[in-house]
file entry-v3.cif (mmCIF, C-alpha atoms)
data_run
#
loop_
_atom_site.label_atom_id
_atom_site.label_comp_id
_atom_site.auth_asym_id
_atom_site.auth_seq_id
_atom_site.Cartn_x
_atom_site.Cartn_y
_atom_site.Cartn_z
CA MET U 986 0.00 0.00 0.00
CA ILE U 987 1.42 3.35 -1.03
CA LYS U 988 0.84 6.53 0.96
CA THR U 989 1.19 10.12 -0.21
CA GLN U 990 1.72 13.55 1.29
CA SER U 991 1.96 17.02 -0.24
CA ALA U 992 3.77 20.17 0.86
CA TRP U 993 4.61 23.64 -0.42
CA THR U 994 6.59 26.80 0.22
CA VAL U 995 6.59 30.31 -1.22
CA GLU U 996 9.94 31.13 0.39
CA VAL U 997 12.12 31.71 -2.66
CA ASP U 998 15.10 33.44 -1.00
CA ASP U 999 15.68 31.83 2.40
CA GLY U 1000 16.63 28.15 2.19
CA GLU U 1001 16.38 27.53 5.93
CA LEU U 1002 12.89 28.98 6.10
CA ALA U 1003 11.81 27.02 3.02
CA ILE U 1004 13.08 23.78 4.62
CA LYS U 1005 11.21 24.59 7.82
CA GLU U 1006 7.97 25.21 5.91
CA ILE U 1007 8.25 22.04 3.83
CA LYS U 1008 9.08 19.86 6.83
CA SER U 1009 6.25 21.37 8.89
CA ARG U 1010 3.79 20.15 6.24
CA LEU U 1011 5.18 16.60 6.06
CA ASP U 1012 5.09 13.70 8.47
CA LEU U 1013 8.67 12.54 8.07
CA ASN U 1014 8.26 10.09 10.94
CA GLY U 1015 5.50 8.33 9.00
CA LEU U 1016 7.59 7.41 5.97
CA GLY U 1017 7.72 3.82 4.79
CA ARG U 1018 10.78 1.81 3.88
CA ASN U 1019 11.04 3.45 0.45
CA THR U 1020 10.15 7.03 -0.53
CA ILE U 1021 10.36 9.38 -3.49
CA GLY U 1022 9.51 13.07 -3.81
CA ILE U 1023 7.99 14.53 -7.00
CA VAL U 1024 8.68 18.25 -7.21
CA ALA U 1025 7.53 21.18 -9.33
CA CYS U 1026 8.68 24.75 -8.83
CA HIS U 1027 9.21 28.12 -10.45
CA TYR U 1028 12.75 28.47 -11.80
CA GLU U 1029 13.53 31.22 -9.25
CA PHE U 1030 13.75 28.47 -6.61
CA VAL U 1031 16.52 26.89 -8.67
CA LEU U 1032 18.46 30.08 -9.33
CA SER U 1033 18.29 31.13 -5.66
CA GLY U 1034 19.54 27.74 -4.44
CA VAL U 1035 16.42 27.11 -2.37
CA LEU U 1036 15.41 23.97 -4.27
CA LYS U 1037 18.85 22.43 -3.74
CA ALA U 1038 18.70 23.29 -0.03
CA VAL U 1039 15.28 21.65 0.30
CA CYS U 1040 16.41 18.52 -1.57
CA ASP U 1041 19.53 18.22 0.57
CA ALA U 1042 17.43 18.45 3.73
CA LEU U 1043 15.01 15.67 2.81
CA PRO U 1044 15.69 12.00 3.68
CA PHE U 1045 14.72 10.77 0.19
CA GLU U 1046 15.47 11.53 -3.45
CA VAL U 1047 13.49 14.11 -5.38
CA ALA U 1048 12.79 14.45 -9.12
CA GLY U 1049 10.62 16.71 -11.27
CA VAL U 1050 10.53 19.74 -13.55
CA ILE U 1051 10.29 23.50 -13.60
CA SER U 1052 6.68 24.68 -13.90
CA SER U 1053 5.19 28.14 -14.33
CA SER U 1054 2.32 27.46 -11.88
CA GLN U 1055 1.34 24.69 -9.46
CA SER U 1056 -1.25 23.68 -6.91
CA VAL U 1057 -1.35 21.38 -3.89
CA ASN U 1058 -3.67 21.01 -0.92
CA GLY U 1059 -3.95 24.49 0.55
CA LYS U 1060 -1.99 26.52 -2.01
CA THR U 1061 -2.06 27.57 -5.67
CA GLY U 1062 0.30 30.01 -7.33
CA SER U 1063 3.16 30.78 -9.70
CA LEU U 1064 6.11 31.68 -7.46
CA LEU U 1065 5.74 28.40 -5.64
CA LEU U 1066 7.55 25.15 -4.84
CA THR U 1067 5.33 22.09 -4.48
CA LEU U 1068 6.19 18.56 -3.45
CA MET U 1069 4.33 15.26 -3.56
CA VAL U 1070 5.80 12.45 -1.47
CA LEU U 1071 5.11 8.79 -2.24
CA THR U 1072 6.12 6.23 0.37
CA GLY U 1073 5.56 2.59 1.29
CA ASP U 1074 7.09 -0.65 2.54
CA GLY U 1075 6.02 -2.77 -0.43
CA VAL U 1076 7.19 -0.43 -3.17
CA GLU U 1077 10.63 0.38 -4.58
CA PHE U 1078 11.73 3.55 -6.37
CA VAL U 1079 14.77 3.30 -8.63
CA THR U 1080 16.06 6.66 -9.86
CA ALA U 1081 18.24 7.29 -12.88
CA GLN U 1082 19.49 10.23 -14.93
CA THR U 1083 20.54 10.20 -18.56
CA PRO U 1084 23.56 11.96 -20.01
CA SER U 1085 22.87 14.78 -22.46
CA LEU U 1086 19.99 14.30 -24.90
CA GLN U 1087 21.52 16.78 -27.36
CA THR U 1088 22.92 13.91 -29.45
CA GLU U 1089 21.82 10.28 -29.67
CA PRO U 1090 18.90 10.54 -27.21
CA GLU U 1091 17.85 6.97 -27.93
CA LYS U 1092 21.25 5.66 -26.87
CA ALA U 1093 21.29 7.87 -23.77
CA ILE U 1094 17.83 6.78 -22.60
CA THR U 1095 18.33 3.10 -23.44
CA GLU U 1096 21.69 2.74 -21.72
CA THR U 1097 20.48 4.62 -18.65
CA TYR U 1098 17.38 2.46 -18.32
CA GLU U 1099 19.30 -0.77 -18.84
CA SER U 1100 21.80 0.22 -16.15
CA VAL U 1101 19.16 0.33 -13.38
CA ARG U 1102 16.32 -1.95 -14.52
CA ARG U 1103 15.15 -4.99 -12.56
CA LYS U 1104 14.17 -8.29 -14.19
CA GLU U 1105 10.46 -7.55 -14.04
CA ARG U 1106 8.68 -4.75 -15.90
CA PRO U 1107 8.19 -1.61 -13.77
CA ALA U 1108 4.65 -0.94 -12.60
CA LEU U 1109 5.20 2.71 -13.52
CA ILE U 1110 7.93 4.99 -14.89
CA PHE U 1111 7.89 8.64 -13.88
CA THR U 1112 9.56 10.63 -16.65
CA PHE U 1113 10.84 14.21 -16.37
CA ALA U 1114 12.72 16.13 -19.06
CA PRO U 1115 13.58 19.70 -20.03
CA PHE U 1116 11.85 21.41 -22.94
CA MET U 1117 14.16 21.07 -25.97
CA LEU U 1118 12.93 22.30 -29.35
CA GLN U 1119 15.25 19.95 -31.24
CA ASN U 1120 13.78 16.82 -29.61
CA ALA U 1121 10.24 15.45 -29.78
CA GLY U 1122 8.74 14.24 -26.51
CA ASP U 1123 7.11 11.45 -28.51
CA ASP U 1124 10.55 9.98 -29.14
CA TYR U 1125 11.26 9.84 -25.41
CA VAL U 1126 7.96 8.07 -24.79
CA ASN U 1127 8.36 5.61 -27.66
CA ILE U 1128 11.89 4.70 -26.59
CA LEU U 1129 10.88 4.09 -22.97
CA THR U 1130 7.84 2.07 -24.01
CA ARG U 1131 9.94 -0.18 -26.22
CA ILE U 1132 12.83 -0.82 -23.85
CA SER U 1133 10.59 -1.32 -20.80
CA GLY U 1134 8.28 -3.78 -22.53
CA GLY U 1135 5.28 -1.46 -22.29
CA ALA U 1136 5.53 -0.09 -18.74
CA PRO U 1137 3.11 2.80 -18.13
CA CYS U 1138 4.95 6.14 -18.39
CA PHE U 1139 3.75 9.31 -16.68
CA GLY U 1140 5.39 12.71 -16.36
CA SER U 1141 6.07 16.09 -17.87
CA LEU U 1142 8.39 18.30 -19.84
CA ALA U 1143 9.39 21.50 -18.08
CA VAL U 1144 7.80 24.87 -18.86
CA ASP U 1145 8.66 28.33 -17.56
CA ASP U 1146 7.29 31.85 -18.00
CA THR U 1147 10.21 33.34 -19.94
CA GLU U 1148 9.74 34.47 -23.54
CA ASP U 1149 12.32 32.03 -24.89
CA TYR U 1150 11.75 29.14 -22.43
CA SER U 1151 15.38 29.47 -21.35
CA ASN U 1152 14.86 28.12 -17.83
CA CYS U 1153 12.95 24.92 -18.59
CA PHE U 1154 15.05 22.64 -16.42
CA MET U 1155 14.67 19.07 -15.31
CA VAL U 1156 15.39 19.09 -11.56
CA ASN U 1157 16.32 16.45 -9.03
CA SER U 1158 18.34 15.93 -5.87
CA ARG U 1159 21.57 16.38 -7.83
CA GLY U 1160 20.70 19.79 -9.27
CA TYR U 1161 19.11 21.25 -12.39
CA PHE U 1162 19.72 20.27 -16.01
CA ARG U 1163 18.97 21.75 -19.43
CA ASP U 1164 19.41 18.63 -21.55
CA GLU U 1165 19.10 15.51 -19.38
CA MET U 1166 16.18 13.29 -18.41
CA SER U 1167 15.32 11.97 -14.96
CA MET U 1168 13.34 8.76 -14.59
CA VAL U 1169 11.94 6.94 -11.58
CA LEU U 1170 11.22 3.23 -12.08
CA VAL U 1171 8.53 2.09 -9.64
CA TYR U 1172 8.28 -1.57 -8.65
CA GLY U 1173 6.04 -3.43 -6.24
CA ASP U 1174 2.70 -2.74 -4.58
CA ILE U 1175 1.29 0.09 -6.71
CA SER U 1176 -1.61 0.04 -9.16
CA PRO U 1177 -1.78 3.44 -10.85
CA LYS U 1178 -4.86 4.62 -12.71
CA PHE U 1179 -4.68 7.19 -15.50
CA PHE U 1180 -7.16 9.78 -16.77
CA ILE U 1181 -6.93 12.35 -19.57
CA ALA U 1182 -8.96 15.49 -20.24
CA ASN U 1183 -8.64 16.59 -23.84
CA ILE U 1184 -10.65 18.71 -26.22
CA SER U 1185 -14.38 18.10 -26.46
CA ASP U 1186 -15.60 16.38 -29.61
CA ASN U 1187 -17.96 19.29 -30.25
CA LYS U 1188 -14.91 21.54 -30.56
CA ILE U 1189 -13.72 19.71 -33.68
CA LEU U 1190 -13.98 22.07 -36.64
CA ASP U 1191 -14.89 21.18 -40.19
CA ALA U 1192 -11.20 20.86 -41.07
CA THR U 1193 -9.88 17.32 -41.37
CA ALA U 1194 -7.01 15.81 -43.34
CA VAL U 1195 -4.76 12.76 -43.61
CA VAL U 1196 -1.07 13.47 -43.01
CA THR U 1197 0.66 12.23 -46.16
CA LYS U 1198 4.19 13.53 -45.50
CA SER U 1199 5.80 14.30 -42.16
CA ALA U 1200 9.07 14.05 -40.27
CA GLY U 1201 8.92 14.07 -36.48
CA PRO U 1202 7.13 17.29 -35.47
CA LEU U 1203 7.06 18.62 -39.07
CA ILE U 1204 3.92 18.35 -41.19
CA MET U 1205 4.88 18.78 -44.83
CA GLU U 1206 1.80 17.57 -46.68
CA VAL U 1207 -1.80 16.61 -45.94
CA ASN U 1208 -4.07 14.95 -48.47
CA GLY U 1209 -1.08 14.93 -50.85
CA ARG U 1210 -0.80 18.74 -50.89
CA PRO U 1211 1.38 21.25 -48.96
CA ILE U 1212 0.16 21.93 -45.43
CA THR U 1213 -0.06 25.64 -46.26
CA ASP U 1214 -2.72 24.86 -48.87
CA PHE U 1215 -4.75 23.24 -46.08
CA PHE U 1216 -4.34 26.35 -43.94
CA GLU U 1217 -5.32 28.56 -46.88
CA ASN U 1218 -8.51 26.58 -47.44
CA TYR U 1219 -9.66 27.33 -43.91
CA GLY U 1220 -8.42 30.91 -43.65
CA LEU U 1221 -5.65 30.06 -41.19
CA ILE U 1222 -2.54 31.03 -43.12
CA LYS U 1223 -2.10 34.52 -41.61
CA ALA U 1224 -2.45 33.16 -38.09
CA ALA U 1225 -0.08 30.32 -38.93
CA GLU U 1226 2.68 32.80 -39.77
CA THR U 1227 2.79 34.02 -36.17
CA GLN U 1228 4.42 31.74 -33.60
CA TYR U 1229 1.88 30.14 -31.26
CA ALA U 1230 -0.94 32.07 -32.93
CA LEU U 1231 -2.82 28.81 -33.35
CA SER U 1232 -2.30 27.62 -29.76
CA THR U 1233 -6.04 28.03 -29.27
CA LEU U 1234 -6.64 25.91 -32.39
CA PRO U 1235 -4.83 22.68 -31.48
CA PHE U 1236 -4.84 19.56 -33.61
CA LEU U 1237 -6.32 16.25 -32.58
CA LEU U 1238 -4.52 13.26 -34.08
CA ASP U 1239 -6.17 9.92 -34.71
CA TYR U 1240 -3.46 7.28 -35.07
CA ASN U 1241 -6.06 4.98 -36.67
CA ASP U 1242 -5.05 2.12 -34.37
CA GLY U 1243 -8.09 2.12 -32.10
CA SER U 1244 -6.44 4.24 -29.39
CA PRO U 1245 -7.91 7.58 -28.26
CA LYS U 1246 -7.07 10.77 -30.15
CA VAL U 1247 -4.09 12.80 -28.91
CA SER U 1248 -3.78 16.59 -29.05
CA LYS U 1249 -0.81 18.47 -30.51
CA ILE U 1250 -0.18 22.21 -30.59
CA PHE U 1251 0.83 23.98 -33.78
CA VAL U 1252 3.92 26.10 -33.06
CA GLY U 1253 4.70 27.87 -36.33
CA LEU U 1254 5.90 27.62 -39.92
CA THR U 1255 9.48 26.77 -40.89
CA PRO U 1256 11.29 28.70 -43.67
CA GLU U 1257 10.32 25.80 -45.95
CA ARG U 1258 6.66 26.48 -45.08
CA TYR U 1259 6.27 23.27 -43.13
CA ALA U 1260 4.10 23.26 -40.02
CA ILE U 1261 5.99 22.48 -36.83
CA CYS U 1262 4.13 21.06 -33.85
CA ALA U 1263 5.07 20.58 -30.20
CA GLY U 1264 5.27 16.82 -30.72
CA ALA U 1265 5.59 14.25 -33.47
CA VAL U 1266 2.87 13.89 -36.11
CA PRO U 1267 3.11 10.41 -37.70
CA GLN U 1268 2.56 9.99 -41.40
CA GLY U 1269 -0.79 8.33 -42.07
CA CYS U 1270 -2.62 9.73 -39.06
CA THR U 1271 -5.81 11.76 -39.41
CA LEU U 1272 -5.58 15.39 -38.34
CA TYR U 1273 -8.51 17.36 -36.96
CA VAL U 1274 -8.41 21.10 -36.30
CA THR U 1275 -10.19 22.04 -33.07
CA SER U 1276 -10.85 25.13 -30.99
CA SER U 1277 -9.88 25.54 -27.35
CA ASP U 1278 -11.31 28.08 -24.93
CA LYS U 1279 -11.78 28.68 -21.23
CA ASP U 1280 -15.21 27.05 -21.05
CA ASP U 1281 -14.01 23.84 -22.68
CA VAL U 1282 -10.88 23.64 -20.52
CA LEU U 1283 -12.99 23.83 -17.36
CA PHE U 1284 -15.67 21.53 -18.73
CA THR U 1285 -13.26 18.75 -19.75
CA THR U 1286 -11.25 18.98 -16.52
CA GLY U 1287 -14.43 18.96 -14.43
CA GLU U 1288 -15.75 15.98 -16.38
CA VAL U 1289 -12.56 13.96 -15.82
CA MET U 1290 -12.41 14.91 -12.15
CA GLY U 1291 -15.98 13.71 -11.69
CA ARG U 1292 -15.20 10.44 -13.43
CA LEU U 1293 -12.00 9.71 -11.53
CA LEU U 1294 -13.59 10.53 -8.18
CA GLY U 1295 -16.32 8.05 -8.99
CA GLU U 1296 -13.77 5.35 -9.81
CA ALA U 1297 -11.11 6.30 -7.26
CA GLY U 1298 -11.99 3.94 -4.42
CA ASN U 1299 -9.47 4.03 -1.60
CA ILE U 1300 -6.79 5.99 -3.40
CA SER U 1301 -3.89 7.58 -1.62
CA GLY U 1302 -3.15 10.59 -3.82
CA MET U 1303 -3.17 12.26 -7.22
CA LEU U 1304 -0.44 13.71 -9.42
CA ALA U 1305 -1.55 15.73 -12.46
CA TYR U 1306 -0.07 17.89 -15.21
CA SER U 1307 -1.92 20.41 -17.35
CA CYS U 1308 -0.57 21.79 -20.62
CA ILE U 1309 0.47 25.42 -20.46
CA SER U 1310 -1.75 26.02 -23.52
CA ARG U 1311 -4.78 25.24 -21.35
CA GLY U 1312 -3.58 27.92 -18.95
CA MET U 1313 -3.26 30.36 -21.86
CA ALA U 1314 -6.85 29.65 -22.84
CA LEU U 1315 -7.96 30.65 -19.33
CA GLY U 1316 -6.67 34.20 -19.85
CA ALA U 1317 -6.77 36.35 -16.73
CA GLU U 1318 -8.25 33.46 -14.73
CA GLN U 1319 -5.09 31.37 -15.09
CA PHE U 1320 -5.64 29.42 -11.88
CA SER U 1321 -9.30 28.54 -12.47
CA GLU U 1322 -8.53 24.99 -13.67
CA MET U 1323 -6.39 24.30 -10.60
CA ASP U 1324 -9.02 25.90 -8.36
CA LEU U 1325 -11.60 23.57 -9.90
CA VAL U 1326 -9.42 20.55 -9.11
CA THR U 1327 -9.01 21.74 -5.52
CA GLU U 1328 -12.75 22.21 -5.18
CA LYS U 1329 -13.57 18.79 -6.63
CA ILE U 1330 -11.12 16.96 -4.35
CA GLY U 1331 -12.36 18.82 -1.30
CA GLY U 1332 -9.42 17.79 0.87
CA ARG U 1333 -10.16 14.05 0.55
CA PHE U 1334 -6.59 13.12 -0.41
CA PRO U 1335 -3.23 14.78 -1.20
CA PHE U 1336 -2.70 16.05 -4.72
CA MET U 1337 -0.32 18.08 -6.85
CA VAL U 1338 -1.05 19.76 -10.20
CA ALA U 1339 1.54 21.60 -12.30
CA TYR U 1340 1.60 23.28 -15.68
CA SER U 1341 3.52 21.33 -18.30
CA GLY U 1342 5.43 21.84 -21.53
CA GLY U 1343 4.21 18.44 -22.75
CA GLU U 1344 2.36 15.68 -20.91
CA ILE U 1345 3.32 12.00 -20.76
CA CYS U 1346 0.48 9.61 -19.99
CA PRO U 1347 -0.90 6.28 -21.25
CA THR U 1348 -4.13 6.31 -23.23
CA ARG U 1349 -4.65 2.62 -22.51
CA VAL U 1350 -3.15 0.04 -20.14
CA THR U 1351 -3.67 -3.71 -20.45
CA GLY U 1352 -1.89 -6.77 -19.14
CA SER U 1353 0.28 -6.85 -22.25
CA GLY U 1354 1.46 -3.29 -21.75
CA ALA U 1355 0.62 0.39 -21.98
CA VAL U 1356 -0.09 2.59 -24.99
CA ASN U 1357 1.98 5.56 -23.86
CA ARG U 1358 1.51 8.91 -25.59
CA PHE U 1359 3.04 12.38 -25.52
CA HIS U 1360 0.29 15.01 -25.30
CA ASN U 1361 -0.19 18.74 -25.78
CA ASN U 1362 -3.22 20.67 -24.56
CA ALA U 1363 -4.16 17.86 -22.17
CA PHE U 1364 -4.83 17.50 -18.45
CA VAL U 1365 -3.37 14.16 -17.39
CA VAL U 1366 -3.82 12.41 -14.05
CA CYS U 1367 -2.14 9.53 -12.23
CA LEU U 1368 -3.94 8.13 -9.19
CA PHE U 1369 -2.10 6.00 -6.63
#
call {"tool": "encode", "arguments": {"input": "entry-v3.cif", "output": "structure tokens"}}
result
Amino acid sequence: MIKTQSAWTVEVDDGELAIKEIKSRLDLNGLGRNTIGIVACHYEFVLSGVLKAVCDALPFEVAGVISSSQSVNGKTGSLLLTLMVLTGDGVEFVTAQTPSLQTEPEKAITETYESVRRKERPALIFTFAPFMLQNAGDDYVNILTRISGGAPCFGSLAVDDTEDYSNCFMVNSRGYFRDEMSMVLVYGDISPKFFIANISDNKILDATAVVTKSAGPLIMEVNGRPITDFFENYGLIKAAETQYALSTLPFLLDYNDGSPKVSKIFVGLTPERYAICAGAVPQGCTLYVTSSDKDDVLFTTGEVMGRLLGEAGNISGMLAYSCISRGMALGAEQFSEMDLVTEKIGGRFPFMVAYSGGEICPTRVTGSGAVNRFHNNAFVVCLF
């Protein structure tokens, strides 16, 4: 049986005070034989040294990512450090960190995983990575799925509130990293459940195409014609020429394999007039243009929260990530999704929610393995 706790601090300058606040909100005497901490924080906690001080003061390892906003029991905000603690006697947490993912990411991830794996398949792999434009999060997920034999993967890419995303670090007990991945292999007595809030079906526009030429996150052709022709047909070309102008018009991808649709955000046009997305777009998939707004973000999150609370049973805690694009759709009410989660849970169990630069979560889990996906514009949940 796994147990969870959550804690937070807003003390960004004083490490000793931050440690005191975090420890006052945790029962460190109630920890089981094995424990891991999942962290999210604003990058100022990294630059000030407070995160490192907190990690050094805790009797367990910590892993996570930078996030522009977070929420836990009792606190929601941007300039915040949040922590979710998982502990138990019948569970084991095996941590690992890759070398640089700048070159040969497949080799880096594979060799790191193989160096720490047990004989059996992990019950869960927490995955945390920086935001790197040159790499597709889908590749990370596909590599881990293959080498683990289909272990469920859950986690996030970092996201910050700078204009150029320059402080999107992966963080852990060793420090902060711009180009390395942290993974936590979980073995033993844990049965995670996963939920995803995406875009409502009624938000799908009358703009559908089959991707006929692509390379990673680049869409070159749909329906055998240049992607810009598709944009022209639907009056989107001017918006497409501005970076992130179509963040409120995300794509839904149908992989045509029976698995649920996955959302991807359009980022901009390359000099070659190819569309670049914040995630891979496989050739042969069906692309749907959708619209995203505040009402739909809150509706889909509320719907998933209602469903998971109905199926939760005797759960111990909840870890969730919400795409930063959902926060953008909320406008001035940027915390309303997190406030809704807080309201729905009503203090029944510990939770942590953080904004994400890309969400990692299975769309389906069976005895033969998980269908892991990399998402944009999604709210993903892992229940313990």
call {"tool": "resolve_selection", "arguments": {"input": "entry-v3.cif", "expression": "the PyMOL selection byres ((chain U and resi 1122-1130) around 7)", "output": "list in words"}}
result
Glu1091, Asn1120, Ala1121, Arg1131, Ile1132, Ser1133, Gly1134, Gly1135, Ala1136, Gly1264, Ala1265, Asn1357, Arg1358 and Phe1359 of chain U
call {"tool": "write_last_selection", "arguments": {"input": "entry-v3.cif", "atoms": "C-alpha atoms", "output": "short mmCIF file (atom, residue, chain, number, x, y, z; two decimals), keeping the file's coordinate frame"}}
result
data_model
loop_
_atom_site.label_atom_id
_atom_site.label_comp_id
_atom_site.auth_asym_id
_atom_site.auth_seq_id
_atom_site.Cartn_x
_atom_site.Cartn_y
_atom_site.Cartn_z
CA GLU U 1091 17.85 6.97 -27.93
CA ASN U 1120 13.78 16.82 -29.61
CA ALA U 1121 10.24 15.45 -29.78
CA ARG U 1131 9.94 -0.18 -26.22
CA ILE U 1132 12.83 -0.82 -23.85
CA SER U 1133 10.59 -1.32 -20.80
CA GLY U 1134 8.28 -3.78 -22.53
CA GLY U 1135 5.28 -1.46 -22.29
CA ALA U 1136 5.53 -0.09 -18.74
CA GLY U 1264 5.27 16.82 -30.72
CA ALA U 1265 5.59 14.25 -33.47
CA ASN U 1357 1.98 5.56 -23.86
CA ARG U 1358 1.51 8.91 -25.59
CA PHE U 1359 3.04 12.38 -25.52
#
call {"tool": "closest_residue", "arguments": {"input": "entry-v3.cif", "among": "U:Asn1058, U:Asn1362, U:Ser1321, U:Asn1019", "to": "Val1079 of chain U", "atoms": "all atoms listed in the file"}}
result
U:Asn1019
call {"tool": "resolve_selection", "arguments": {"input": "entry-v3.cif", "expression": "the PyMOL selection byres ((chain U and resi 1177-1179) around 10)", "output": "list in words"}}
result
Ala1108, Leu1109, Pro1137, Phe1139, Asp1174, Ile1175, Ser1176, Phe1180, Ile1181, Leu1293, Glu1296, Ala1297, Ile1300, Met1303, Leu1304, Ala1305, Cys1346, Pro1347, Thr1348, Arg1349, Val1350, Val1365, Val1366, Cys1367, Leu1368 and Phe1369 of chain U
call {"tool": "closest_residue", "arguments": {"input": "entry-v3.cif", "among": "U:Gly1342, U:Gly1022, U:Gly1287, U:Gly1298", "to": "Glu1328 of chain U", "atoms": "only C-alpha atoms"}}
result
U:Gly1287
call {"tool": "residues_around", "arguments": {"input": "entry-v3.cif", "residues": "Ala1192 of chain U", "least_positions_apart": "6", "cutoff": "12 Å", "atoms": "all atoms listed in the file", "output": "JSON list (two decimals) with C-alpha atoms, in the frame of the given file"}}
result
[["chain", "number", "residue", "atom", "x", "y", "z"],
["U", 1207, "VAL", "CA", -1.80, 16.61, -45.94],
["U", 1208, "ASN", "CA", -4.07, 14.95, -48.47],
["U", 1215, "PHE", "CA", -4.75, 23.24, -46.08],
["U", 1216, "PHE", "CA", -4.34, 26.35, -43.94],
["U", 1217, "GLU", "CA", -5.32, 28.56, -46.88],
["U", 1218, "ASN", "CA", -8.51, 26.58, -47.44],
["U", 1219, "TYR", "CA", -9.66, 27.33, -43.91],
["U", 1220, "GLY", "CA", -8.42, 30.91, -43.65],
["U", 1221, "LEU", "CA", -5.65, 30.06, -41.19],
["U", 1234, "LEU", "CA", -6.64, 25.91, -32.39],
["U", 1235, "PRO", "CA", -4.83, 22.68, -31.48],
["U", 1236, "PHE", "CA", -4.84, 19.56, -33.61],
["U", 1237, "LEU", "CA", -6.32, 16.25, -32.58],
["U", 1271, "THR", "CA", -5.81, 11.76, -39.41],
["U", 1272, "LEU", "CA", -5.58, 15.39, -38.34],
["U", 1273, "TYR", "CA", -8.51, 17.36, -36.96],
["U", 1274, "VAL", "CA", -8.41, 21.10, -36.30],
["U", 1275, "THR", "CA", -10.19, 22.04, -33.07],
["U", 1276, "SER", "CA", -10.85, 25.13, -30.99]]
call {"tool": "resolve_selection", "arguments": {"input": "entry-v3.cif", "expression": "the PyMOL selection byres ((chain U and resi 1182) around 12)", "output": "CSV table (one decimal) with C-alpha atoms, in the frame of the given file"}}
result
chain,number,residue,atom,x,y,z
U,1179,PHE,CA,-4.7,7.2,-15.5
U,1180,PHE,CA,-7.2,9.8,-16.8
U,1181,ILE,CA,-6.9,12.4,-19.6
U,1183,ASN,CA,-8.6,16.6,-23.8
U,1184,ILE,CA,-10.6,18.7,-26.2
U,1185,SER,CA,-14.4,18.1,-26.5
U,1186,ASP,CA,-15.6,16.4,-29.6
U,1245,PRO,CA,-7.9,7.6,-28.3
U,1246,LYS,CA,-7.1,10.8,-30.2
U,1247,VAL,CA,-4.1,12.8,-28.9
U,1248,SER,CA,-3.8,16.6,-29.0
U,1281,ASP,CA,-14.0,23.8,-22.7
U,1282,VAL,CA,-10.9,23.6,-20.5
U,1283,LEU,CA,-13.0,23.8,-17.4
U,1284,PHE,CA,-15.7,21.5,-18.7
U,1285,THR,CA,-13.3,18.8,-19.8
U,1286,THR,CA,-11.2,19.0,-16.5
U,1287,GLY,CA,-14.4,19.0,-14.4
U,1288,GLU,CA,-15.8,16.0,-16.4
U,1289,VAL,CA,-12.6,14.0,-15.8
U,1290,MET,CA,-12.4,14.9,-12.2
U,1291,GLY,CA,-16.0,13.7,-11.7
U,1292,ARG,CA,-15.2,10.4,-13.4
U,1293,LEU,CA,-12.0,9.7,-11.5
U,1305,ALA,CA,-1.6,15.7,-12.5
U,1306,TYR,CA,-0.1,17.9,-15.2
U,1307,SER,CA,-1.9,20.4,-17.4
U,1308,CYS,CA,-0.6,21.8,-20.6
U,1311,ARG,CA,-4.8,25.2,-21.4
U,1322,GLU,CA,-8.5,25.0,-13.7
U,1344,GLU,CA,2.4,15.7,-20.9
U,1346,CYS,CA,0.5,9.6,-20.0
U,1348,THR,CA,-4.1,6.3,-23.2
U,1360,HIS,CA,0.3,15.0,-25.3
U,1361,ASN,CA,-0.2,18.7,-25.8
U,1362,ASN,CA,-3.2,20.7,-24.6
U,1363,ALA,CA,-4.2,17.9,-22.2
U,1364,PHE,CA,-4.8,17.5,-18.4
U,1365,VAL,CA,-3.4,14.2,-17.4
U,1366,VAL,CA,-3.8,12.4,-14.0
call {"tool": "residues_around", "arguments": {"input": "entry-v3.cif", "residues": "segment 1034-1051 of chain U", "least_positions_apart": "6", "cutoff": "6 Å", "atoms": "all atoms listed in the file", "output": "PyMOL selection string"}}
result
chain U and resi 1000+1004+1020-1028+1113+1143-1144+1153-1158
call {"tool": "axis_aligned_box", "arguments": {"input": "entry-v3.cif", "around": "segment 1263-1277 of chain U", "padding_each_side": "8 Å", "output": "AutoDock Vina command-line options"}}
result
--center_x -2.6 --center_y 16.9 --center_z -34.7 --size_x 32.4 --size_y 33.2 --size_z 30.7
call {"tool": "build_atoms", "arguments": {"input": "entry-v3.cif", "residues": "segment 1114-1118 of chain U", "atoms": "N, CA, C and O atoms", "output": "PDB file, in the coordinates of the input"}}
result
ATOM      1  N   ALA U1114      11.701  15.669 -18.115  1.00  0.00           N
ATOM      2  CA  ALA U1114      12.720  16.130 -19.060  1.00  0.00           C
ATOM      3  C   ALA U1114      12.576  17.631 -19.283  1.00  0.00           C
ATOM      4  O   ALA U1114      11.495  18.203 -19.117  1.00  0.00           O
ATOM      5  N   PRO U1115      13.668  18.281 -19.677  1.00  0.00           N
ATOM      6  CA  PRO U1115      13.580  19.700 -20.030  1.00  0.00           C
ATOM      7  C   PRO U1115      12.857  19.874 -21.361  1.00  0.00           C
ATOM      8  O   PRO U1115      12.664  18.909 -22.100  1.00  0.00           O
ATOM      9  N   PHE U1116      12.445  21.097 -21.638  1.00  0.00           N
ATOM     10  CA  PHE U1116      11.850  21.410 -22.940  1.00  0.00           C
ATOM     11  C   PHE U1116      12.975  21.721 -23.905  1.00  0.00           C
ATOM     12  O   PHE U1116      13.745  22.650 -23.704  1.00  0.00           O
ATOM     13  N   MET U1117      13.094  20.911 -24.975  1.00  0.00           N
ATOM     14  CA  MET U1117      14.160  21.070 -25.970  1.00  0.00           C
ATOM     15  C   MET U1117      13.512  21.068 -27.357  1.00  0.00           C
ATOM     16  O   MET U1117      12.946  20.057 -27.777  1.00  0.00           O
ATOM     17  N   LEU U1118      13.590  22.191 -28.058  1.00  0.00           N
ATOM     18  CA  LEU U1118      12.930  22.300 -29.350  1.00  0.00           C
ATOM     19  C   LEU U1118      13.426  21.264 -30.348  1.00  0.00           C
ATOM     20  O   LEU U1118      12.669  20.807 -31.210  1.00  0.00           O
TER      21      LEU U1118
END
